[in-house]
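start_34.pdb follows (PDB, C-alpha atoms):
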ATOM      1  CA  GLY D   1      15.335  38.522  20.954
ATOM      2  CA  ARG D   2      19.150  38.773  20.672
ATOM      3  CA  TRP D   3      18.982  42.273  19.222
ATOM      4  CA  TYR D   4      15.721  43.721  20.532
ATOM      5  CA  ASN D   5      15.483  43.027  24.236
ATOM      6  CA  VAL D   6      13.580  46.070  25.488
ATOM      7  CA  ARG D   7       9.926  45.332  26.107
ATOM      8  CA  ILE D   8       7.383  48.038  26.843
ATOM      9  CA  PRO D   9       3.628  47.876  27.216
ATOM     10  CA  ARG D  10       1.655  48.797  24.115
ATOM     11  CA  PRO D  11       0.754  52.498  24.399
ATOM     12  CA  PRO D  12      -3.002  52.991  24.768
ATOM     13  CA  GLU D  13      -3.035  55.847  22.238
ATOM     14  CA  ARG D  14      -4.669  54.756  18.940
ATOM     15  CA  ASN D  15      -4.385  57.946  16.897
ATOM     16  CA  LYS D  16      -1.453  57.833  14.478
ATOM     17  CA  TYR D  17      -0.644  61.491  15.093
ATOM     18  CA  LYS D  18      -0.249  60.808  18.805
ATOM     19  CA  SER D  19       1.262  57.319  18.862
ATOM     20  CA  LEU D  20       4.918  58.380  18.489
ATOM     21  CA  PRO D  21       4.924  60.679  21.569
ATOM     22  CA  ALA D  22       3.113  57.933  23.497
ATOM     23  CA  PHE D  23       5.758  55.404  22.435
ATOM     24  CA  LEU D  24       8.606  57.719  23.470
ATOM     25  CA  GLU D  25       6.990  58.324  26.838
ATOM     26  CA  ALA D  26       6.759  54.565  27.375
ATOM     27  CA  LEU D  27      10.537  54.425  26.797
ATOM     28  CA  GLY D  28      11.000  56.994  29.552
ATOM     29  CA  LEU D  29      11.903  59.851  27.214
ATOM     30  CA  ASN D  30      10.560  63.379  27.313
ATOM     31  CA  ALA D  31       8.017  63.582  24.521
ATOM     32  CA  VAL D  32       6.436  66.666  23.001
ATOM     33  CA  GLU D  33       3.555  66.826  20.572
ATOM     34  CA  SER D  34       5.032  66.122  17.156
ATOM     35  CA  LEU D  35       2.948  67.068  14.143
ATOM     36  CA  PRO D  36       3.914  66.479  10.503
ATOM     37  CA  SER D  37       5.618  69.315   8.698
ATOM     38  CA  LEU D  38       6.756  69.600   5.087
ATOM     39  CA  ALA D  39       8.972  72.499   3.999
ATOM     40  CA  LEU D  40       8.935  73.920   0.479
ATOM     41  CA  SER D  41      11.647  76.062  -1.056
ATOM     42  CA  ALA D  42      10.973  79.704  -1.889
ATOM     43  CA  ALA D  43      11.070  78.844  -5.600
ATOM     44  CA  GLU D  44       8.536  76.033  -5.151
ATOM     45  CA  GLN D  45       6.233  78.316  -3.197
ATOM     46  CA  GLU D  46       6.459  81.090  -5.787
ATOM     47  CA  GLU D  47       5.783  78.763  -8.724
ATOM     48  CA  ALA D  48       2.752  77.262  -6.957
ATOM     49  CA  LYS D  49       1.409  80.693  -6.018
ATOM     50  CA  LYS D  50       1.558  81.839  -9.649
ATOM     51  CA  ARG D  51      -0.271  78.708 -10.844
ATOM     52  CA  ILE D  52      -3.037  79.135  -8.291
ATOM     53  CA  GLN D  53      -3.455  82.850  -9.028
ATOM     54  CA  ALA D  54      -3.687  82.098 -12.744
ATOM     55  CA  SER D  55      -6.478  79.586 -12.157
ATOM     56  CA  ILE D  56      -8.846  81.543  -9.907
ATOM     57  CA  THR D  57     -11.705  83.925 -10.693
ATOM     58  CA  TYR D  58     -11.953  86.077  -7.574
ATOM     59  CA  PRO D  59      -8.507  87.179  -6.291
ATOM     60  CA  GLU D  60      -9.971  88.627  -3.091
ATOM     61  CA  ARG D  61     -12.018  85.531  -2.188
ATOM     62  CA  PRO D  62     -10.929  82.290  -0.416
ATOM     63  CA  VAL D  63      -9.366  79.492  -2.416
ATOM     64  CA  VAL D  64     -10.856  76.086  -1.605
ATOM     65  CA  GLY D  65      -9.001  73.021  -2.856
ATOM     66  CA  VAL D  66     -11.039  69.835  -3.271
ATOM     67  CA  PHE D  67      -9.327  66.474  -3.792
ATOM     68  CA  VAL D  68     -11.863  64.139  -5.372
ATOM     69  CA  GLY D  69      -9.913  60.932  -4.778
ATOM     70  CA  GLY D  70      -9.584  58.408  -2.021
ATOM     71  CA  ARG D  71      -8.930  54.722  -1.820
ATOM     72  CA  LYS D  72     -11.776  52.635  -3.255
ATOM     73  CA  THR D  73     -10.844  49.659  -1.097
ATOM     74  CA  GLY D  74     -12.085  50.201   2.421
ATOM     75  CA  ASP D  75     -14.899  52.481   1.194
ATOM     76  CA  LYS D  76     -12.908  55.666   1.816
ATOM     77  CA  ARG D  77     -13.961  57.519  -1.334
ATOM     78  CA  TRP D  78     -16.928  59.892  -1.287
ATOM     79  CA  PRO D  79     -19.308  59.472  -4.268
ATOM     80  CA  VAL D  80     -18.442  61.522  -7.372
ATOM     81  CA  LYS D  81     -21.925  63.062  -7.483
ATOM     82  CA  ASN D  82     -21.367  64.429  -3.955
ATOM     83  CA  PHE D  83     -18.087  66.047  -4.974
ATOM     84  CA  LEU D  84     -19.742  67.607  -8.027
ATOM     85  CA  GLU D  85     -22.546  69.088  -5.928
ATOM     86  CA  LEU D  86     -20.158  70.334  -3.223
ATOM     87  CA  ILE D  87     -17.845  72.022  -5.735
ATOM     88  CA  ALA D  88     -20.734  73.665  -7.585
ATOM     89  CA  ARG D  89     -22.244  75.000  -4.369
ATOM     90  CA  LEU D  90     -18.902  76.276  -3.052
ATOM     91  CA  TYR D  91     -18.339  78.104  -6.337
ATOM     92  CA  ARG D  92     -21.847  79.591  -6.385
ATOM     93  CA  GLN D  93     -21.161  80.995  -2.914
ATOM     94  CA  GLY D  94     -18.344  83.054  -4.438
ATOM     95  CA  ASN D  95     -15.351  80.914  -3.487
ATOM     96  CA  ASN D  96     -12.527  80.049  -5.829
ATOM     97  CA  VAL D  97     -12.487  76.264  -6.177
ATOM     98  CA  VAL D  98      -9.498  74.258  -7.383
ATOM     99  CA  THR D  99     -10.381  70.620  -8.028
ATOM    100  CA  PHE D 100      -7.481  68.194  -7.646
ATOM    101  CA  PHE D 101      -7.239  64.776  -9.322
ATOM    102  CA  GLY D 102      -4.822  61.976  -8.564
ATOM    103  CA  PRO D 103      -3.652  59.309 -11.029
ATOM    104  CA  GLU D 104      -6.649  57.089 -10.227
ATOM    105  CA  GLU D 105      -9.122  59.955 -10.788
ATOM    106  CA  LYS D 106      -7.568  61.501 -13.898
ATOM    107  CA  LYS D 107     -10.027  59.665 -16.139
ATOM    108  CA  LEU D 108     -12.884  61.502 -14.381
ATOM    109  CA  MET D 109     -11.688  64.944 -15.504
ATOM    110  CA  PRO D 110     -13.928  65.077 -18.638
ATOM    111  CA  LEU D 111     -16.953  64.322 -16.450
ATOM    112  CA  PHE D 112     -16.086  67.219 -14.133
ATOM    113  CA  THR D 113     -15.382  69.490 -17.117
ATOM    114  CA  ASP D 114     -18.856  68.835 -18.526
ATOM    115  CA  ALA D 115     -20.670  69.148 -15.190
ATOM    116  CA  LEU D 116     -19.016  72.221 -13.642
ATOM    117  CA  ASP D 117     -18.705  75.907 -14.488
ATOM    118  CA  HIS D 118     -15.747  76.350 -16.840
ATOM    119  CA  ARG D 119     -14.158  78.758 -14.356
ATOM    120  CA  VAL D 120     -13.693  75.991 -11.773
ATOM    121  CA  ALA D 121     -10.042  74.976 -12.087
ATOM    122  CA  LEU D 122      -9.277  71.287 -12.650
ATOM    123  CA  VAL D 123      -5.734  70.213 -11.773
ATOM    124  CA  PHE D 124      -3.839  66.980 -12.289
ATOM    125  CA  GLU D 125      -0.327  67.354 -10.897
ATOM    126  CA  PRO D 126       1.682  64.102 -10.708
ATOM    127  CA  SER D 127       4.686  65.633  -8.937
ATOM    128  CA  PRO D 128       4.138  65.280  -5.158
ATOM    129  CA  ARG D 129       6.099  68.431  -4.323
ATOM    130  CA  LYS D 130       4.350  70.539  -6.976
ATOM    131  CA  PHE D 131       1.021  69.129  -5.838
ATOM    132  CA  VAL D 132       1.638  70.010  -2.210
ATOM    133  CA  GLY D 133       2.895  73.439  -3.270
ATOM    134  CA  LEU D 134      -0.474  74.115  -4.895
ATOM    135  CA  VAL D 135      -2.294  72.822  -1.825
ATOM    136  CA  SER D 136      -0.239  75.121   0.409
ATOM    137  CA  ASN D 137      -1.707  78.088  -1.508
ATOM    138  CA  CYS D 138      -5.291  77.084  -0.685
ATOM    139  CA  ASP D 139      -7.119  78.636   2.258
ATOM    140  CA  LEU D 140      -9.009  75.379   2.810
ATOM    141  CA  PHE D 141      -8.564  71.831   1.530
ATOM    142  CA  VAL D 142     -11.410  69.293   1.376
ATOM    143  CA  SER D 143     -10.518  65.628   1.121
ATOM    144  CA  CYS D 144     -11.536  62.131   2.073
ATOM    145  CA  ASP D 145      -9.223  60.153   4.353
ATOM    146  CA  SER D 146      -6.220  59.968   2.016
ATOM    147  CA  GLY D 147      -2.563  60.835   1.526
ATOM    148  CA  PRO D 148      -3.368  64.346   0.220
ATOM    149  CA  MET D 149      -5.350  65.001   3.415
ATOM    150  CA  HIS D 150      -2.203  64.373   5.474
ATOM    151  CA  LEU D 151      -0.018  66.358   3.047
ATOM    152  CA  ALA D 152      -2.317  69.366   3.383
ATOM    153  CA  CYS D 153      -1.962  69.155   7.167
ATOM    154  CA  ALA D 154       1.829  68.948   6.800
ATOM    155  CA  VAL D 155       1.998  72.275   4.925
ATOM    156  CA  GLY D 156      -0.369  74.020   7.332
ATOM    157  CA  THR D 157      -3.435  74.271   5.096
ATOM    158  CA  ARG D 158      -6.653  73.944   7.064
ATOM    159  CA  VAL D 159      -8.531  70.733   6.169
ATOM    160  CA  VAL D 160     -12.108  69.501   6.114
ATOM    161  CA  ALA D 161     -11.641  65.730   6.320
ATOM    162  CA  ILE D 162     -14.465  63.464   5.135
ATOM    163  CA  PHE D 163     -14.508  60.117   6.917
ATOM    164  CA  GLU D 164     -16.961  57.634   5.479
ATOM    165  CA  LYS D 165     -15.974  55.051   8.088
ATOM    166  CA  GLN D 166     -15.889  55.561  11.845
ATOM    167  CA  ASN D 167     -12.110  55.240  12.115
ATOM    168  CA  PHE D 168     -11.258  58.925  12.450
ATOM    169  CA  ASP D 169     -10.137  58.307  16.024
ATOM    170  CA  ARG D 170      -7.247  56.304  14.547
ATOM    171  CA  TRP D 171      -6.442  58.092  11.274
ATOM    172  CA  GLY D 172      -7.915  61.567  11.681
ATOM    173  CA  PRO D 173      -5.729  64.665  12.070
ATOM    174  CA  PRO D 174      -5.986  66.553  15.376
ATOM    175  CA  PRO D 175      -8.538  69.398  15.712
ATOM    176  CA  GLY D 176      -5.782  71.987  15.390
ATOM    177  CA  MET D 177      -5.230  70.830  11.809
ATOM    178  CA  ALA D 178      -8.600  69.649  10.553
ATOM    179  CA  ARG D 179     -12.353  69.602  11.017
ATOM    180  CA  ILE D 180     -13.543  66.015  10.687
ATOM    181  CA  VAL D 181     -16.935  65.242   9.148
ATOM    182  CA  HIS D 182     -18.523  61.850   9.735
ATOM    183  CA  GLN D 183     -22.125  60.682   9.631
ATOM    184  CA  SER D 184     -23.366  57.145  10.062
ATOM    185  CA  GLY D 185     -24.678  56.013   6.711
ATOM    186  CA  GLY D 186     -22.375  58.377   4.799
ATOM    187  CA  CYS D 187     -21.551  62.074   4.907
ATOM    188  CA  SER D 188     -24.103  64.368   3.285
ATOM    189  CA  VAL D 189     -23.151  67.254   1.028
ATOM    190  CA  ASP D 190     -24.978  69.635   3.383
ATOM    191  CA  GLU D 191     -22.859  68.535   6.344
ATOM    192  CA  VAL D 192     -19.569  68.894   4.469
ATOM    193  CA  LEU D 193     -20.626  72.281   3.075
ATOM    194  CA  LYS D 194     -21.538  73.457   6.568
ATOM    195  CA  ALA D 195     -18.055  72.444   7.788
ATOM    196  CA  CYS D 196     -16.479  74.367   4.899
ATOM    197  CA  GLU D 197     -18.551  77.461   5.648
ATOM    198  CA  LEU D 198     -17.490  77.357   9.304
ATOM    199  CA  GLU D 199     -13.830  77.118   8.313
ATOM    200  CA  ILE D 200     -14.040  79.856   5.677
ATOM    201  CA  SER D 201     -15.823  82.238   8.041
TER     202      SER D 201
END

Kindly transcribe the structure held in the file into structure tokens.
Amino acid sequence: GRWYNVRIPRPPERNKYKSLPAFLEALGLNAVESLPSLALSAAEQEEAKKRIQASITYPERPVVGVFVGGRKTGDKRWPVKNFLELIARLYRQGNNVVTFFGPEEKKLMPLFTDALDHRVALVFEPSPRKFVGLVSNCDLFVSCDSGPMHLACAVGTRVVAIFEKQNFDRWGPPPGMARIVHQSGGCSVDEVLKACELEIS
């Protein structure tokens, strides 16, 4: 109380992308929509572009990145079998698919290697900046509610965001950045694929 003596009402805005402007407005400041942005150097962009180009089959076709992770606690992670089916169907439609693994999912890479066409790229990149550089070279990025989902938004890559829980009003990116998919009882592969097709078209 000695140091922080300004009290304001709690802003009604729940969405984390919109809460900062709402807070500034409550302080009486002029607030503009502030969306996350992450800048990469020209060298980082060029290195990532070369890696993506070396991993794809159809240079003239869209590149779809799929992050197969997500926090297990809180039931945020989509089932592995759903990711396998989605990736296979995206690839059969003629898209380049780059499958991304985080540290928690790295052990699943042999399973994906055995189940998918050998031309589907599998990528484990522990460096956050190199990872986001690769994501920035995708035309579309598919992810559960996770850190990589927000990173993709920050570099301007269009996102299909899978929300297993009905908390997308709080954590979901705005429509200008992402298409959110949610179904009560769990998102189906058909629904996520339909969202991807709409974005790619």

Which residues of range 14-42 of chain D sit at most 10 Å from range 173-187 of chain D, using only C-alpha atoms? Give each one's shortest atom pair and distance in Å (one decimal place), in chain and ascending residue order, as JSON lines.
{"residue": "D:Asn15", "atom": "CA", "partner": "D:Pro173", "partner_atom": "CA", "distance": 8.4}
{"residue": "D:Lys16", "atom": "CA", "partner": "D:Pro173", "partner_atom": "CA", "distance": 8.4}
{"residue": "D:Tyr17", "atom": "CA", "partner": "D:Pro173", "partner_atom": "CA", "distance": 6.7}
{"residue": "D:Lys18", "atom": "CA", "partner": "D:Pro174", "partner_atom": "CA", "distance": 8.8}
{"residue": "D:Leu35", "atom": "CA", "partner": "D:Pro174", "partner_atom": "CA", "distance": 9.0}
{"residue": "D:Pro36", "atom": "CA", "partner": "D:Pro173", "partner_atom": "CA", "distance": 9.9}

*Length of the CA of Phe141 in chain D to CA of Glu13 in chain D vector [Å]*: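 Interatomic distance, CA of Phe141 in chain D to CA of Glu13 in chain D: 26.7 Å.
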
*Rounded to one decimal place, report the CA of Val160 in chain D-CA of Asp139 in chain D distance in Å.*
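Atom-to-atom, CA of Val160 in chain D and CA of Asp139 in chain D are spaced 11.1 Å apart.
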
Counting only C-alpha atoms, which residues sit no farther than 7 Å from the position (-8.8, 67.6, 1.3) in the file's frame? I'd like them as a short mmCIF file (atom, residue, chain, number, x, y, z; two decimals) with C-alpha atoms, in the coordinates of the input.
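And here's out39.cif as it stands now:
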data_model
loop_
_atom_site.label_atom_id
_atom_site.label_comp_id
_atom_site.auth_asym_id
_atom_site.auth_seq_id
_atom_site.Cartn_x
_atom_site.Cartn_y
_atom_site.Cartn_z
CA GLY D 65 -9.00 73.02 -2.86
CA VAL D 66 -11.04 69.83 -3.27
CA PHE D 67 -9.33 66.47 -3.79
CA PHE D 141 -8.56 71.83 1.53
CA VAL D 142 -11.41 69.29 1.38
CA SER D 143 -10.52 65.63 1.12
CA CYS D 144 -11.54 62.13 2.07
CA PRO D 148 -3.37 64.35 0.22
CA MET D 149 -5.35 65.00 3.42
CA VAL D 159 -8.53 70.73 6.17
CA VAL D 160 -12.11 69.50 6.11
CA ALA D 161 -11.64 65.73 6.32
#

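The smallest atom-to-atom distance between Ala195 in chain D and any of D:Cys138, D:Ala48, D:Leu90, D:Val155, using all atoms listed in the file, is found for D:Leu90.
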
_Report as a count of residues only all protein, DNA and RNA residues lying within 12 Å of Asp145 in chain D, evaluated on only C-alpha atoms, omitting residues in the same chain fewer than 6 positions from it._
35

Counting only C-alpha atoms, what are the residues of range 76-107 of chain D within 12 Å of range 125-131 of chain D, and for each of them which pair of atoms is the nearest and at what distance in Å, to one decimal? Sort the table by chain and rising number, as a tab-separated table.
residue	atom	partner	partner_atom	distance
D:Val98	CA	D:Phe131	CA	11.8
D:Thr99	CA	D:Glu125	CA	11.0
D:Phe100	CA	D:Glu125	CA	7.9
D:Phe101	CA	D:Glu125	CA	7.5
D:Gly102	CA	D:Pro126	CA	7.2
D:Pro103	CA	D:Pro126	CA	7.2
D:Glu104	CA	D:Pro126	CA	10.9
D:Glu105	CA	D:Glu125	CA	11.5
D:Lys106	CA	D:Glu125	CA	9.8

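When only C-alpha atoms are used to measure the gap to Ala121 in chain D, the shortest distance among D:Val97, D:Ile87, D:Ile8, D:Leu198 belongs to D:Val97.
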
*Quick one: pull the distance between CA of Leu140 in chain D and CA of Val64 in chain D, Å, one decimal.*
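Value for the CA of Leu140 in chain D-CA of Val64 in chain D distance: 4.8 Å.
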
Enclose all atoms of range 96-108 of chain D listed in the file in an axis-aligned box, grow every side by 3 Å, and hand back centre and edge lengths in Å to one decimal, as AutoDock Vina command-line options.
--center_x -8.3 --center_y 68.6 --center_z -11.0 --size_x 15.2 --size_y 29.0 --size_z 16.3

_With distances taken over only C-alpha atoms, which residue among D:Phe112, D:Leu86, D:Leu20, D:Arg61 lies nearest Lys194 in chain D?_
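Smallest distance to Lys194 in chain D is found for D:Leu86.
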
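Using all atoms listed in the file for every distance, the candidate list D:Asn5, D:Thr157, D:Asn82, D:Asn96 yields D:Thr157 as the residue closest to Leu38 in chain D.
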
Which residues, written as an mmCIF file with C-alpha atoms, keeping the file's coordinate frame, have at least one atom at most 10 Å from range 44-47 of chain D, with all atoms listed in the file counted and residues fewer than 2 positions away on the same chain left out?
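Once written, result.cif looks like this:
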data_model
loop_
_atom_site.group_PDB
_atom_site.id
_atom_site.type_symbol
_atom_site.label_atom_id
_atom_site.label_comp_id
_atom_site.auth_asym_id
_atom_site.auth_seq_id
_atom_site.Cartn_x
_atom_site.Cartn_y
_atom_site.Cartn_z
ATOM 1 C CA ALA D 39 8.972 72.499 3.999
ATOM 2 C CA LEU D 40 8.935 73.920 0.479
ATOM 3 C CA SER D 41 11.647 76.062 -1.056
ATOM 4 C CA ALA D 42 10.973 79.704 -1.889
ATOM 5 C CA LYS D 49 1.409 80.693 -6.018
ATOM 6 C CA LYS D 50 1.558 81.839 -9.649
ATOM 7 C CA ARG D 51 -0.271 78.708 -10.844
ATOM 8 C CA ILE D 52 -3.037 79.135 -8.291
ATOM 9 C CA ARG D 129 6.099 68.431 -4.323
ATOM 10 C CA LYS D 130 4.350 70.539 -6.976
ATOM 11 C CA VAL D 132 1.638 70.010 -2.210
ATOM 12 C CA GLY D 133 2.895 73.439 -3.270
ATOM 13 C CA LEU D 134 -0.474 74.115 -4.895
ATOM 14 C CA SER D 136 -0.239 75.121 0.409
ATOM 15 C CA ASN D 137 -1.707 78.088 -1.508
#

_From D:Ala31, D:Leu108, D:Val120, D:Ala154, residue lying nearest Ala88 in chain D [all atoms listed in the file]_ =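 Using all atoms listed in the file, Ala88 in chain D sits closest to D:Val120.
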
_Neighbouring residues of Pro21 in chain D were defined as those with any atom within 8 Å, considering only C-alpha atoms; residues of the same chain fewer than 5 positions away were excluded. Please report them as a list in words._
Ala31, Val32, Glu33 and Ser34 of chain D

Can I get the selection written as a tab-separated table (two decimals), keeping the file's coordinate frame, with C-alpha atoms?
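The resulting out15.tsv:
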chain	number	residue	atom	x	y	z
D	31	ALA	CA	8.02	63.58	24.52
D	32	VAL	CA	6.44	66.67	23.00
D	33	GLU	CA	3.56	66.83	20.57
D	34	SER	CA	5.03	66.12	17.16

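You can rank D:Lys107, D:Arg119, D:Arg89, D:Arg158 by their closest distance to Val189 in chain D using all atoms listed in the file, and at the top of that list sits D:Arg89.
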
_What would the selection look like, as a VMD selection string, if the PyMOL selection byres ((chain D and resi 27) around 12) were run on the coordinates I just shared?_
chain D and resid 6 to 11 20 to 26 28 to 31

Would you mind completing range 56-66 of chain D to all heavy atoms and writing the output as a tab-separated table (two decimals), keeping the file's coordinate frame?
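part_20.tsv, freshly written:
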chain	number	residue	atom	x	y	z
D	56	ILE	N	-7.68	81.14	-10.69
D	56	ILE	CA	-8.85	81.54	-9.91
D	56	ILE	C	-9.59	82.71	-10.55
D	56	ILE	O	-9.04	83.43	-11.39
D	56	ILE	CB	-8.46	81.89	-8.46
D	56	ILE	CG1	-7.51	83.10	-8.42
D	56	ILE	CG2	-7.84	80.69	-7.76
D	56	ILE	CD1	-7.18	83.56	-7.01
D	57	THR	N	-10.84	82.88	-10.13
D	57	THR	CA	-11.70	83.92	-10.69
D	57	THR	C	-11.75	85.17	-9.82
D	57	THR	O	-11.77	86.29	-10.33
D	57	THR	CB	-13.14	83.37	-10.84
D	57	THR	OG1	-13.10	82.14	-11.57
D	57	THR	CG2	-14.03	84.36	-11.57
D	58	TYR	N	-11.77	84.97	-8.51
D	58	TYR	CA	-11.95	86.08	-7.57
D	58	TYR	C	-10.71	86.21	-6.69
D	58	TYR	O	-10.59	85.53	-5.67
D	58	TYR	CB	-13.18	85.83	-6.68
D	58	TYR	CG	-14.43	85.42	-7.43
D	58	TYR	CD1	-14.91	84.12	-7.36
D	58	TYR	CD2	-15.13	86.34	-8.21
D	58	TYR	CE1	-16.06	83.73	-8.04
D	58	TYR	CE2	-16.28	85.97	-8.89
D	58	TYR	CZ	-16.74	84.66	-8.80
D	58	TYR	OH	-17.87	84.29	-9.48
D	59	PRO	N	-9.76	87.08	-7.05
D	59	PRO	CA	-8.51	87.18	-6.29
D	59	PRO	C	-8.69	87.51	-4.82
D	59	PRO	O	-7.87	87.13	-3.99
D	59	PRO	CB	-7.76	88.30	-7.02
D	59	PRO	CG	-8.35	88.35	-8.38
D	59	PRO	CD	-9.79	87.97	-8.22
D	60	GLU	N	-9.77	88.20	-4.48
D	60	GLU	CA	-9.97	88.63	-3.09
D	60	GLU	C	-10.75	87.60	-2.26
D	60	GLU	O	-10.92	87.79	-1.06
D	60	GLU	CB	-10.71	89.98	-3.06
D	60	GLU	CG	-12.19	89.94	-3.43
D	60	GLU	CD	-12.47	89.72	-4.91
D	60	GLU	OE1	-11.50	89.72	-5.71
D	60	GLU	OE2	-13.66	89.55	-5.27
D	61	ARG	N	-11.19	86.52	-2.88
D	61	ARG	CA	-12.02	85.53	-2.19
D	61	ARG	C	-11.20	84.29	-1.80
D	61	ARG	O	-10.14	84.04	-2.36
D	61	ARG	CB	-13.19	85.11	-3.08
D	61	ARG	CG	-14.13	86.24	-3.46
D	61	ARG	CD	-14.96	86.69	-2.29
D	61	ARG	NE	-15.87	85.63	-1.85
D	61	ARG	CZ	-16.57	85.63	-0.74
D	61	ARG	NH1	-16.44	86.65	0.10
D	61	ARG	NH2	-17.38	84.64	-0.42
D	62	PRO	N	-11.68	83.49	-0.83
D	62	PRO	CA	-10.93	82.29	-0.42
D	62	PRO	C	-10.75	81.29	-1.55
D	62	PRO	O	-11.57	81.20	-2.46
D	62	PRO	CB	-11.81	81.70	0.69
D	62	PRO	CG	-12.66	82.82	1.18
D	62	PRO	CD	-12.88	83.71	-0.01
D	63	VAL	N	-9.64	80.57	-1.47
D	63	VAL	CA	-9.37	79.49	-2.42
D	63	VAL	C	-9.60	78.17	-1.69
D	63	VAL	O	-8.94	77.88	-0.69
D	63	VAL	CB	-7.92	79.55	-2.94
D	63	VAL	CG1	-7.64	78.37	-3.89
D	63	VAL	CG2	-7.66	80.87	-3.64
D	64	VAL	N	-10.54	77.38	-2.20
D	64	VAL	CA	-10.86	76.09	-1.60
D	64	VAL	C	-10.38	74.99	-2.55
D	64	VAL	O	-10.83	74.90	-3.70
D	64	VAL	CB	-12.37	75.93	-1.34
D	64	VAL	CG1	-12.65	74.57	-0.68
D	64	VAL	CG2	-12.89	77.06	-0.46
D	65	GLY	N	-9.45	74.18	-2.09
D	65	GLY	CA	-9.00	73.02	-2.86
D	65	GLY	C	-9.86	71.81	-2.50
D	65	GLY	O	-10.17	71.60	-1.33
D	66	VAL	N	-10.24	71.04	-3.51
D	66	VAL	CA	-11.04	69.83	-3.27
D	66	VAL	C	-10.35	68.67	-3.98
D	66	VAL	O	-10.22	68.68	-5.21
D	66	VAL	CB	-12.48	69.98	-3.79
D	66	VAL	CG1	-13.27	68.70	-3.53
D	66	VAL	CG2	-13.18	71.18	-3.14
